[in-house]
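Containing compact mmCIF, C-alpha atoms and all ligand atoms: data-v5.txt.
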# COMPACT_ATOMS: atom_id res chain seq x y z
CA MET A 185 -71.13 84.13 -34.33
CA PHE A 186 -74.57 83.05 -33.11
CA SER A 187 -73.67 84.08 -29.55
CA ALA A 188 -72.41 87.48 -30.67
CA LEU A 189 -75.60 88.14 -32.62
CA PHE A 190 -77.69 86.97 -29.66
CA PHE A 191 -75.82 89.47 -27.45
CA LEU A 192 -76.39 92.31 -29.93
CA GLN A 193 -80.09 91.58 -30.12
CA HIS A 194 -80.41 92.73 -26.51
CA TRP A 195 -79.24 96.18 -27.59
CA PHE A 196 -81.07 96.29 -30.91
CA PRO A 197 -84.20 94.19 -30.29
CA THR A 198 -86.07 95.42 -33.35
CA SER A 199 -83.25 95.02 -35.88
CA THR A 200 -84.47 92.78 -38.69
CA SER A 201 -80.99 92.51 -40.17
CA LEU A 202 -79.64 91.05 -36.90
CA GLN A 203 -82.58 88.67 -36.84
CA ARG A 204 -81.92 87.57 -40.43
CA ARG A 205 -78.20 87.05 -39.87
CA LYS A 206 -78.79 85.11 -36.67
CA GLY A 207 -81.32 82.90 -38.49
CA ALA A 208 -78.79 82.18 -41.25
CA VAL A 209 -76.03 81.29 -38.75
CA ARG A 210 -78.47 79.06 -36.91
CA GLN A 211 -79.20 77.13 -40.13
CA ARG A 212 -75.47 76.51 -40.60
CA VAL A 213 -75.12 75.25 -37.02
CA ILE A 214 -78.14 72.96 -37.49
CA ALA A 215 -76.67 71.51 -40.70
CA HIS A 216 -73.33 70.90 -38.98
CA VAL A 217 -74.89 69.24 -35.93
CA ARG A 218 -77.13 67.07 -38.11
CA SER A 219 -74.18 65.84 -40.14
CA GLY A 220 -72.95 64.09 -36.97
CA GLY A 221 -76.05 61.84 -36.79
CA LYS A 222 -78.33 61.19 -33.82
CA GLY A 223 -77.28 62.34 -30.36
CA ARG A 224 -76.78 60.03 -27.41
CA LEU A 225 -78.45 60.03 -24.00
CA LEU A 226 -75.64 59.80 -21.43
CA ASN A 227 -75.88 59.25 -17.69
CA VAL A 228 -74.71 61.97 -15.36
CA ASP A 229 -71.97 60.69 -13.01
CA ARG A 230 -73.33 59.38 -9.73
CA ARG A 231 -70.72 59.53 -6.94
CA LYS A 232 -70.88 58.33 -3.37
CA ASP A 233 -68.88 60.10 -0.63
CA LEU A 234 -67.27 62.51 -3.10
CA SER A 235 -64.71 64.68 -1.29
CA ALA A 236 -64.83 68.47 -1.61
CA SER A 237 -61.43 68.57 -3.32
CA GLU A 238 -62.38 65.97 -5.92
CA PHE A 239 -65.75 67.69 -6.45
CA ARG A 240 -63.99 71.00 -7.18
CA ALA A 241 -61.37 69.47 -9.48
CA ARG A 242 -63.59 67.14 -11.49
CA TYR A 243 -66.98 68.82 -11.61
CA LEU A 244 -67.03 72.44 -10.41
CA ARG A 245 -63.96 73.57 -12.39
CA ARG A 246 -64.87 71.55 -15.46
CA GLY A 247 -68.53 72.61 -15.47
CA LEU A 248 -69.94 69.07 -15.29
CA PRO A 249 -73.09 68.01 -13.43
CA VAL A 250 -72.88 65.23 -10.86
CA ILE A 251 -75.25 63.46 -8.49
CA LEU A 252 -73.91 63.17 -4.95
CA ASP A 253 -75.45 59.81 -4.25
CA GLY A 254 -77.47 59.88 -1.01
CA ALA A 255 -75.36 62.75 0.37
CA GLY A 256 -78.41 64.30 2.05
CA ARG A 257 -80.06 61.05 3.14
CA ASP A 258 -79.38 61.62 6.86
CA TRP A 259 -80.20 65.32 6.88
CA THR A 260 -83.10 66.42 9.07
CA CYS A 261 -85.02 67.69 6.04
CA THR A 262 -84.91 64.27 4.36
CA ARG A 263 -85.80 62.43 7.56
CA GLU A 264 -88.54 64.78 8.75
CA TRP A 265 -90.11 66.78 5.92
CA SER A 266 -93.07 64.88 4.63
CA PHE A 267 -96.32 66.24 3.27
CA ASP A 268 -98.03 65.40 6.58
CA ASN A 269 -95.27 66.96 8.67
CA LEU A 270 -95.39 70.23 6.67
CA ARG A 271 -99.20 70.23 6.77
CA ARG A 272 -99.13 69.92 10.57
CA ARG A 273 -96.65 72.76 10.94
CA PHE A 274 -97.78 75.24 8.31
CA GLY A 275 -101.10 73.97 6.97
CA ASN A 276 -103.12 77.04 8.01
CA GLU A 277 -100.83 79.53 6.34
CA THR A 278 -101.26 81.17 2.95
CA ILE A 279 -98.55 80.72 0.35
CA LYS A 280 -97.89 82.34 -3.00
CA LEU A 281 -97.23 80.47 -6.24
CA VAL A 282 -95.39 82.45 -8.90
CA GLN A 283 -95.21 81.18 -12.48
CA ARG A 284 -92.72 82.88 -14.79
CA ASN A 285 -92.73 82.86 -18.55
CA GLY A 286 -90.46 80.08 -19.83
CA LEU A 287 -90.11 78.39 -16.42
CA ALA A 288 -93.70 77.17 -16.36
CA LEU A 289 -96.05 75.71 -18.93
CA ASP A 290 -97.86 78.21 -21.16
CA GLU A 291 -101.21 77.45 -19.55
CA GLU A 292 -99.81 78.25 -16.09
CA VAL A 293 -98.58 81.71 -17.08
CA VAL A 294 -101.77 82.65 -18.97
CA ASP A 295 -100.89 85.73 -21.08
CA ALA A 296 -98.72 87.83 -18.75
CA SER A 297 -94.97 87.33 -18.35
CA GLU A 298 -95.60 86.30 -14.76
CA PHE A 299 -98.64 84.98 -12.94
CA SER A 300 -99.02 84.64 -9.21
CA GLU A 301 -101.71 83.20 -7.04
CA GLU A 302 -102.25 82.88 -3.30
CA ILE A 303 -103.49 79.63 -1.86
CA ASN A 304 -103.91 77.97 1.52
CA PHE A 305 -100.89 75.70 2.10
CA SER A 306 -102.99 72.70 3.14
CA GLU A 307 -105.07 73.04 0.01
CA PHE A 308 -101.90 73.20 -2.08
CA LEU A 309 -100.49 70.07 -0.39
CA ASP A 310 -103.73 68.20 -1.10
CA GLN A 311 -103.55 69.00 -4.79
CA VAL A 312 -99.84 68.00 -5.00
CA GLN A 313 -100.55 64.64 -3.41
CA GLY A 314 -103.66 64.22 -5.52
CA GLY A 315 -101.69 64.67 -8.76
CA GLY A 316 -102.87 68.25 -9.47
CA ALA A 317 -101.14 70.52 -11.97
CA LYS A 318 -100.10 73.38 -9.66
CA TYR A 319 -96.32 73.40 -9.18
CA MET A 320 -94.41 75.52 -6.67
CA ARG A 321 -91.12 76.47 -8.37
CA PHE A 322 -88.30 78.76 -7.27
CA SER A 323 -90.25 79.77 -4.16
CA PRO A 324 -88.71 81.92 -1.39
CA LEU A 325 -90.61 79.81 1.17
CA LEU A 326 -87.50 79.35 3.32
CA GLU A 327 -87.48 83.10 3.86
CA LYS A 328 -91.05 82.87 5.13
CA TRP A 329 -90.27 79.86 7.37
CA PRO A 330 -86.53 80.31 8.08
CA GLU A 331 -86.52 77.62 10.77
CA LEU A 332 -86.62 75.07 7.94
CA LEU A 333 -83.16 76.17 6.84
CA ASN A 334 -81.67 74.55 9.93
CA ASP A 335 -82.79 71.18 8.57
CA LEU A 336 -80.33 71.43 5.65
CA ASP A 337 -76.63 70.81 6.25
CA GLN A 338 -75.44 74.26 5.27
CA ARG A 339 -71.88 73.46 6.28
CA PHE A 340 -71.82 70.74 3.61
CA LEU A 341 -73.40 72.97 0.97
CA GLN A 342 -70.89 75.75 1.60
CA GLY A 343 -67.95 73.39 2.13
CA MET A 344 -68.20 71.64 -1.25
CA PRO A 345 -67.60 74.75 -3.41
CA GLY A 346 -65.49 76.32 -0.63
CA ASN A 347 -67.48 79.52 -0.16
CA SER A 348 -70.88 80.72 0.98
CA TRP A 349 -70.94 83.68 -1.37
CA GLY A 350 -74.46 84.72 -2.30
CA MET A 351 -76.06 81.44 -1.28
CA THR A 352 -79.79 81.50 -2.00
CA TYR A 353 -82.37 78.85 -1.20
CA GLN A 354 -85.48 78.18 -3.25
CA PHE A 355 -88.20 75.68 -2.58
CA PHE A 356 -89.89 73.31 -5.04
CA MET A 357 -92.97 71.17 -4.48
CA GLY A 358 -95.05 69.45 -7.15
CA GLY A 359 -97.06 66.35 -8.01
CA PRO A 360 -96.39 63.57 -10.53
CA GLY A 361 -96.18 64.83 -14.12
CA THR A 362 -95.42 68.46 -13.24
CA LEU A 363 -92.39 69.80 -15.03
CA THR A 364 -90.06 72.74 -15.51
CA PRO A 365 -89.17 73.41 -19.16
CA LEU A 366 -85.65 73.80 -20.55
CA HIS A 367 -83.76 76.80 -19.12
CA ASN A 368 -80.37 77.90 -17.85
CA ALA A 369 -79.07 80.57 -15.47
CA ILE A 370 -75.84 82.14 -14.33
CA THR A 371 -75.70 80.63 -10.85
CA PRO A 372 -74.48 77.09 -10.33
CA PHE A 373 -76.53 75.25 -7.71
CA PHE A 374 -76.99 72.17 -5.59
CA PHE A 375 -80.45 70.67 -5.69
CA VAL A 376 -81.35 68.67 -2.58
CA ASN A 377 -84.03 66.13 -3.42
CA ILE A 378 -85.91 65.64 -0.19
CA CYS A 379 -88.94 63.64 -1.17
CA GLY A 380 -90.06 61.79 -4.33
CA VAL A 381 -88.39 61.02 -7.66
CA LYS A 382 -87.27 63.58 -10.27
CA ARG A 383 -85.95 63.05 -13.79
CA TRP A 384 -83.52 65.66 -15.16
CA GLN A 385 -82.07 66.26 -18.60
CA PHE A 386 -79.02 68.44 -19.23
CA LEU A 387 -77.43 70.10 -22.26
CA PRO A 388 -74.28 72.20 -22.37
CA ASN A 389 -74.63 75.77 -23.55
CA THR A 390 -72.59 74.95 -26.68
CA TYR A 391 -75.93 74.34 -28.39
CA LEU A 392 -77.39 77.81 -27.87
CA ALA A 393 -78.15 78.06 -31.61
CA ILE A 394 -80.20 74.86 -31.58
CA LEU A 395 -82.15 75.90 -28.47
CA ASP A 396 -82.67 79.40 -29.87
CA PRO A 397 -83.86 81.18 -26.70
CA PRO A 398 -85.65 84.53 -27.09
CA PRO A 399 -83.30 87.48 -26.33
CA GLU A 400 -85.27 88.73 -23.32
CA GLY A 401 -82.34 89.51 -21.02
CA LEU A 402 -84.07 87.89 -18.05
CA THR A 403 -82.13 86.39 -15.15
CA TYR A 404 -82.58 83.06 -16.98
CA ASN A 405 -82.83 81.90 -20.61
CA HIS A 406 -85.53 79.52 -21.71
CA SER A 407 -86.29 77.37 -24.73
CA ALA A 408 -89.47 75.58 -25.75
CA ALA A 409 -87.47 72.67 -27.26
CA ASP A 410 -89.15 69.54 -25.93
CA HIS A 411 -86.93 66.95 -24.22
CA ALA A 412 -89.28 64.28 -25.67
CA LEU A 413 -88.41 65.55 -29.21
CA SER A 414 -92.02 66.42 -30.08
CA ASN A 415 -91.24 69.76 -31.75
CA LEU A 416 -88.22 69.05 -33.97
CA ASP A 417 -89.86 71.16 -36.69
CA ARG A 418 -89.22 74.25 -34.52
CA TYR A 419 -85.94 72.97 -33.08
CA PRO A 420 -84.27 70.96 -35.85
CA GLY A 421 -81.04 69.30 -34.76
CA PHE A 422 -82.20 68.92 -31.15
CA ASP A 423 -82.28 65.13 -31.67
CA CYS A 424 -78.65 65.21 -32.88
CA ILE A 425 -77.02 66.58 -29.77
CA ASP A 426 -75.78 64.52 -26.85
CA ARG A 427 -77.92 65.03 -23.78
CA MET A 428 -77.28 63.93 -20.21
CA GLU A 429 -79.84 62.46 -17.91
CA ALA A 430 -80.21 61.75 -14.18
CA VAL A 431 -82.94 60.35 -11.96
CA MET A 432 -82.88 61.64 -8.40
CA GLN A 433 -84.07 59.65 -5.40
CA PRO A 434 -84.80 61.09 -1.93
CA GLY A 435 -81.54 62.16 -0.26
CA ASP A 436 -79.64 62.65 -3.54
CA ILE A 437 -78.01 66.02 -4.20
CA LEU A 438 -77.38 67.28 -7.72
CA PHE A 439 -74.72 69.77 -8.72
CA ASN A 440 -75.68 71.80 -11.83
CA PRO A 441 -73.00 74.17 -13.22
CA SER A 442 -73.46 77.74 -14.49
CA TRP A 443 -75.35 78.04 -17.77
CA MET A 444 -75.99 74.29 -18.07
CA TRP A 445 -79.41 73.89 -19.72
CA HIS A 446 -81.78 71.59 -17.87
CA CYS A 447 -85.41 70.50 -17.72
CA VAL A 448 -87.06 68.53 -14.96
CA GLN A 449 -90.03 66.23 -14.57
CA ASN A 450 -91.50 65.00 -11.28
CA LYS A 451 -92.30 61.31 -11.28
CA SER A 452 -94.08 61.37 -7.91
CA PRO A 453 -95.00 64.06 -5.35
CA THR A 454 -91.68 65.81 -4.70
CA ILE A 455 -90.13 68.27 -2.28
CA GLY A 456 -86.75 69.82 -3.11
CA VAL A 457 -84.54 72.78 -2.30
CA ARG A 458 -82.27 74.56 -4.76
CA CYS A 459 -79.18 76.11 -3.19
CA GLY A 460 -77.62 78.58 -5.62
CA PHE A 461 -74.15 80.02 -5.10
CA VAL A 462 -71.65 82.26 -6.85
CA TYR A 463 -68.67 80.88 -8.79
CA PRO A 464 -67.32 83.66 -11.04
CA LEU A 465 -64.82 81.47 -12.90
CA GLY A 466 -67.54 79.03 -14.01
CA MET A 467 -69.93 81.84 -14.94
CA LEU A 468 -67.36 83.26 -17.35
CA ARG A 469 -65.92 80.00 -18.62
CA GLU A 470 -69.26 78.31 -19.35
CA SER A 471 -70.52 81.28 -21.34
CA MET A 472 -68.80 84.61 -21.72
CA THR A 473 -71.69 85.74 -23.94
CA LEU A 474 -74.51 84.96 -21.54
CA THR A 475 -72.55 86.37 -18.60
CA SER A 476 -71.98 89.58 -20.59
CA VAL A 477 -75.70 89.76 -21.35
CA ARG A 478 -76.47 89.41 -17.63
CA ALA A 479 -73.86 91.98 -16.68
CA PHE A 480 -74.60 94.69 -19.21
CA ALA A 481 -77.84 94.06 -21.05
CA GLY A 482 -79.96 92.04 -18.63
CA ASN A 483 -83.39 92.99 -17.42
CA PRO A 484 -82.34 94.06 -14.81
CA SER A 485 -78.60 93.94 -15.55
CA MET A 486 -76.21 92.92 -12.78
CA LEU A 487 -74.90 96.48 -12.78
CA LYS A 488 -78.40 97.84 -12.18
CA THR A 489 -79.07 95.21 -9.50
CA ALA A 490 -75.84 96.16 -7.70
CA TRP A 491 -76.76 99.86 -7.95
CA TYR A 492 -80.16 99.36 -6.29
CA SER A 493 -78.80 96.82 -3.79
CA PHE A 494 -75.82 98.76 -2.52
CA VAL A 495 -76.08 102.41 -3.58
CA LYS A 496 -79.64 103.53 -4.20
CA THR A 497 -81.15 101.87 -1.17
CA ASP A 498 -83.65 104.60 -0.23
CA LEU A 499 -86.55 103.63 -2.50
CA PRO A 500 -89.82 103.99 -0.55
CA ASP A 501 -91.21 100.56 -1.47
CA ARG A 502 -87.89 98.72 -1.48
CA GLY A 503 -89.17 95.95 0.80
CA ASN A 504 -91.78 95.02 -1.80
CA LEU A 505 -89.37 94.85 -4.72
CA LEU A 506 -87.86 91.58 -5.76
CA LEU A 507 -84.58 93.11 -6.92
CA THR A 508 -82.38 90.24 -5.96
CA PRO A 509 -82.92 87.12 -3.83
CA LYS A 510 -82.14 87.69 -0.18
CA VAL A 511 -78.76 86.34 0.87
CA PHE A 512 -78.70 84.22 3.98
CA THR A 513 -75.79 85.10 6.19
CA LYS A 514 -76.00 82.17 8.56
O1 LIG A 601 -87.19 70.86 -9.97
C1 LIG A 601 -87.59 71.53 -10.92
O2 LIG A 601 -88.69 71.42 -11.40
C2 LIG A 601 -86.68 72.54 -11.55
C3 LIG A 601 -85.41 72.81 -10.81
C4 LIG A 601 -84.59 73.77 -11.59
O3 LIG A 601 -84.69 73.83 -12.77
C5 LIG A 601 -83.64 74.65 -10.97
O4 LIG A 601 -83.47 74.58 -9.76
O5 LIG A 601 -83.03 75.47 -11.71
Translate this file's structure into structure tokens.
Ligand SMILES: O=C(O)CCC(=O)C(=O)O
Amino acid sequence: MFSALFFLQHWFPTSTSLQRRKGAVRQRVIAHVRSGGKGRLLNVDRRKDLSASEFRARYLRRGLPVILDGAGRDWTCTREWSFDNLRRRFGNETIKLVQRNGLALDEEVVDASEFSEEINFSEFLDQVQGGGAKYMRFSPLLEKWPELLNDLDQRFLQGMPGNSWGMTYQFFMGGPGTLTPLHNAITPFFFVNICGVKRWQFLPNTYLAILDPPPEGLTYNHSAADHALSNLDRYPGFDCIDRMEAVMQPGDILFNPSWMWHCVQNKSPTIGVRCGFVYPLGMLRESMTLTSVRAFAGNPSMLKTAWYSFVKTDLPDRGNLLLTPKVFTK
């Protein structure tokens, strides 16, 4: 019921009756979850040398996260990318940091829904290593420096799920203490942890009512519920749901399924790459509601994205529009 009302809110955003009904259903869910007592903190499976067939059967099809223990330890990126190495190669270039509402801290986004800033790469590296607060998240840096892509084992990344459909690569780099708040998205992904230590927390989408994301129809959903349980007054019941946790070391690769909520904290200066892919079965099975929102009511919807990607391709400024992440065809 909560999911259905959440879906409808995308069509009728100003309806106070929908808002009231959703609030009432949420209270019932909270009471039910609380009656089960405190939630547990469980460890995400950590598997060494997991075969592609076992990965698909146990984790991909069942929508469970897993750490592929040290699976990327021998990759060129893990052996060669260090802050000094990247400074030597790209230090003089200018990069762009983009902070999106809900995926960054409030103070990073200021008062717009998105805030971007250009900065010299060397200067950015200095502040990451010095413990500064600027965090590069979801960056298309590998489009700017495509030679870096060769340092990831793309055959492995495509071989595990068994397809290379819509694979997108996004770059992350941040200092100790930087974090990405709780969010989820339609694409499952591998996260290759190249440098530093990262702590992740995960929650299945079953608890949408507890997390109570705003119905914005973005390509992701976000919630301000704090993994450290500091705002239980706004998110009652959050302490009563089972959460999963994982700490990633350099060379570890995480698999995160479609619509699995997660938040991340860097424990030291980190470099990582997110490799998103398409897995329609998981997108539907993990949340029919959220997938329907993305397809029909999103901002932009998948239908609109497909229209501008494949049909209406003659827009004058198309190259400057971020309609959809570029797909690497390598
Ligand atoms: O590493 C991070 O800070 C966030 C990664 C993440 O949330 C993602 O790739 O979806």
With only C-alpha atoms as the counted atoms, please give the residues lying no more than 6 Å from Ser407 in chain A, apart from itself and same-chain residues fewer than 2 positions off, as a compact mmCIF listing (two decimals) with C-alpha atoms, in the frame of the given file.
# COMPACT_ATOMS: atom_id res chain seq x y z
CA LEU A 366 -85.65 73.80 -20.55
CA LEU A 395 -82.15 75.90 -28.47
CA PRO A 397 -83.86 81.18 -26.70
CA ALA A 409 -87.47 72.67 -27.26
Give me, as CSV, the closest atom pair and its distance (Å, one decimal) for every residue of chain A within a cut-off of 10 Å of ligand LIG 601 (chain A), counting only C-alpha atoms and all ligand atoms, rows sorted by chain and rising number.
residue,atom,partner,partner_atom,distance
A:Leu287,CA,A:LIG601,O3,8.0
A:Ala288,CA,A:LIG601,O2,9.1
A:Tyr319,CA,A:LIG601,O2,8.2
A:Met320,CA,A:LIG601,O2,8.5
A:Arg321,CA,A:LIG601,O2,6.4
A:Phe322,CA,A:LIG601,O4,6.9
A:Tyr353,CA,A:LIG601,O4,9.6
A:Gln354,CA,A:LIG601,O4,7.7
A:Phe355,CA,A:LIG601,O4,8.7
A:Phe356,CA,A:LIG601,O1,6.1
A:Met357,CA,A:LIG601,O1,8.0
A:Gly358,CA,A:LIG601,O2,7.9
A:Thr362,CA,A:LIG601,O2,7.6
A:Leu363,CA,A:LIG601,O2,5.4
A:Thr364,CA,A:LIG601,O2,4.5
A:Pro365,CA,A:LIG601,O3,7.8
A:Leu366,CA,A:LIG601,O3,7.8
A:His367,CA,A:LIG601,O3,7.1
A:Asn368,CA,A:LIG601,O5,7.1
A:Ala369,CA,A:LIG601,O5,7.5
A:Thr371,CA,A:LIG601,O5,9.0
A:Pro372,CA,A:LIG601,O5,8.8
A:Phe373,CA,A:LIG601,O4,7.3
A:Phe374,CA,A:LIG601,O4,8.1
A:Phe375,CA,A:LIG601,O4,6.4
A:Val376,CA,A:LIG601,O4,9.5
A:Asn377,CA,A:LIG601,O1,8.7
A:Lys382,CA,A:LIG601,O1,7.3
A:Arg383,CA,A:LIG601,O1,8.8
A:Trp384,CA,A:LIG601,O1,8.2
A:Gln385,CA,A:LIG601,O3,9.9
A:Tyr404,CA,A:LIG601,O5,9.3
A:Leu438,CA,A:LIG601,O4,9.7
A:Asn440,CA,A:LIG601,O5,8.2
A:Met444,CA,A:LIG601,O5,9.6
A:Trp445,CA,A:LIG601,O3,8.7
A:His446,CA,A:LIG601,O3,6.3
A:Cys447,CA,A:LIG601,O3,6.0
A:Val448,CA,A:LIG601,O2,4.9
A:Gln449,CA,A:LIG601,O2,6.2
A:Asn450,CA,A:LIG601,O2,7.0
A:Thr454,CA,A:LIG601,O1,8.6
A:Ile455,CA,A:LIG601,O1,8.6
A:Gly456,CA,A:LIG601,O1,7.0
A:Val457,CA,A:LIG601,O4,7.7
A:Arg458,CA,A:LIG601,O4,5.1
A:Cys459,CA,A:LIG601,O4,8.0
A:Gly460,CA,A:LIG601,O4,8.2
Best match for closeness to Glu238 in chain A among A:Leu413, A:Glu301, A:Gly275, A:Met344, counting only C-alpha atoms: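 The closest residue to Glu238 in chain A is A:Met344.
Our summary of the geometry notes that CA of Val250 in chain A is positioned 5.3 Å from CA of Phe439 in chain A.
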Between CA of Gln338 in chain A and CA of Gln433 in chain A, distance in Å (one decimal): 20.0 Å
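The smallest atom-to-atom distance between Ile437 in chain A and any of A:Asn304, A:Thr262, A:Gln283, A:Thr200, using only C-alpha atoms, is found for A:Thr262.
Candidate residues A:Asp423, A:Glu400, A:Asp233, A:Glu307 were compared for distance to Arg218 in chain A, and the nearest is A:Asp423, using all atoms listed in the file.
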Sel. within 10 Å of pt (-96.7, 82.4, -2.8), counting all atoms listed in the file, output as a ChimeraX atom specification: /A:278-283,300-305,320-321,323-325,328
Shortest interatomic distance to Arg240 in chain A - which of A:Thr352, A:Ser201, A:Asn347, A:Ser485, counting only C-alpha atoms: A:Asn347
Exercise: Glu298 in chain A partners within 6 Å, all atoms listed in the file, chain neighbours under 4 positions left out, as number ranges by chain: A: 283-285, 293
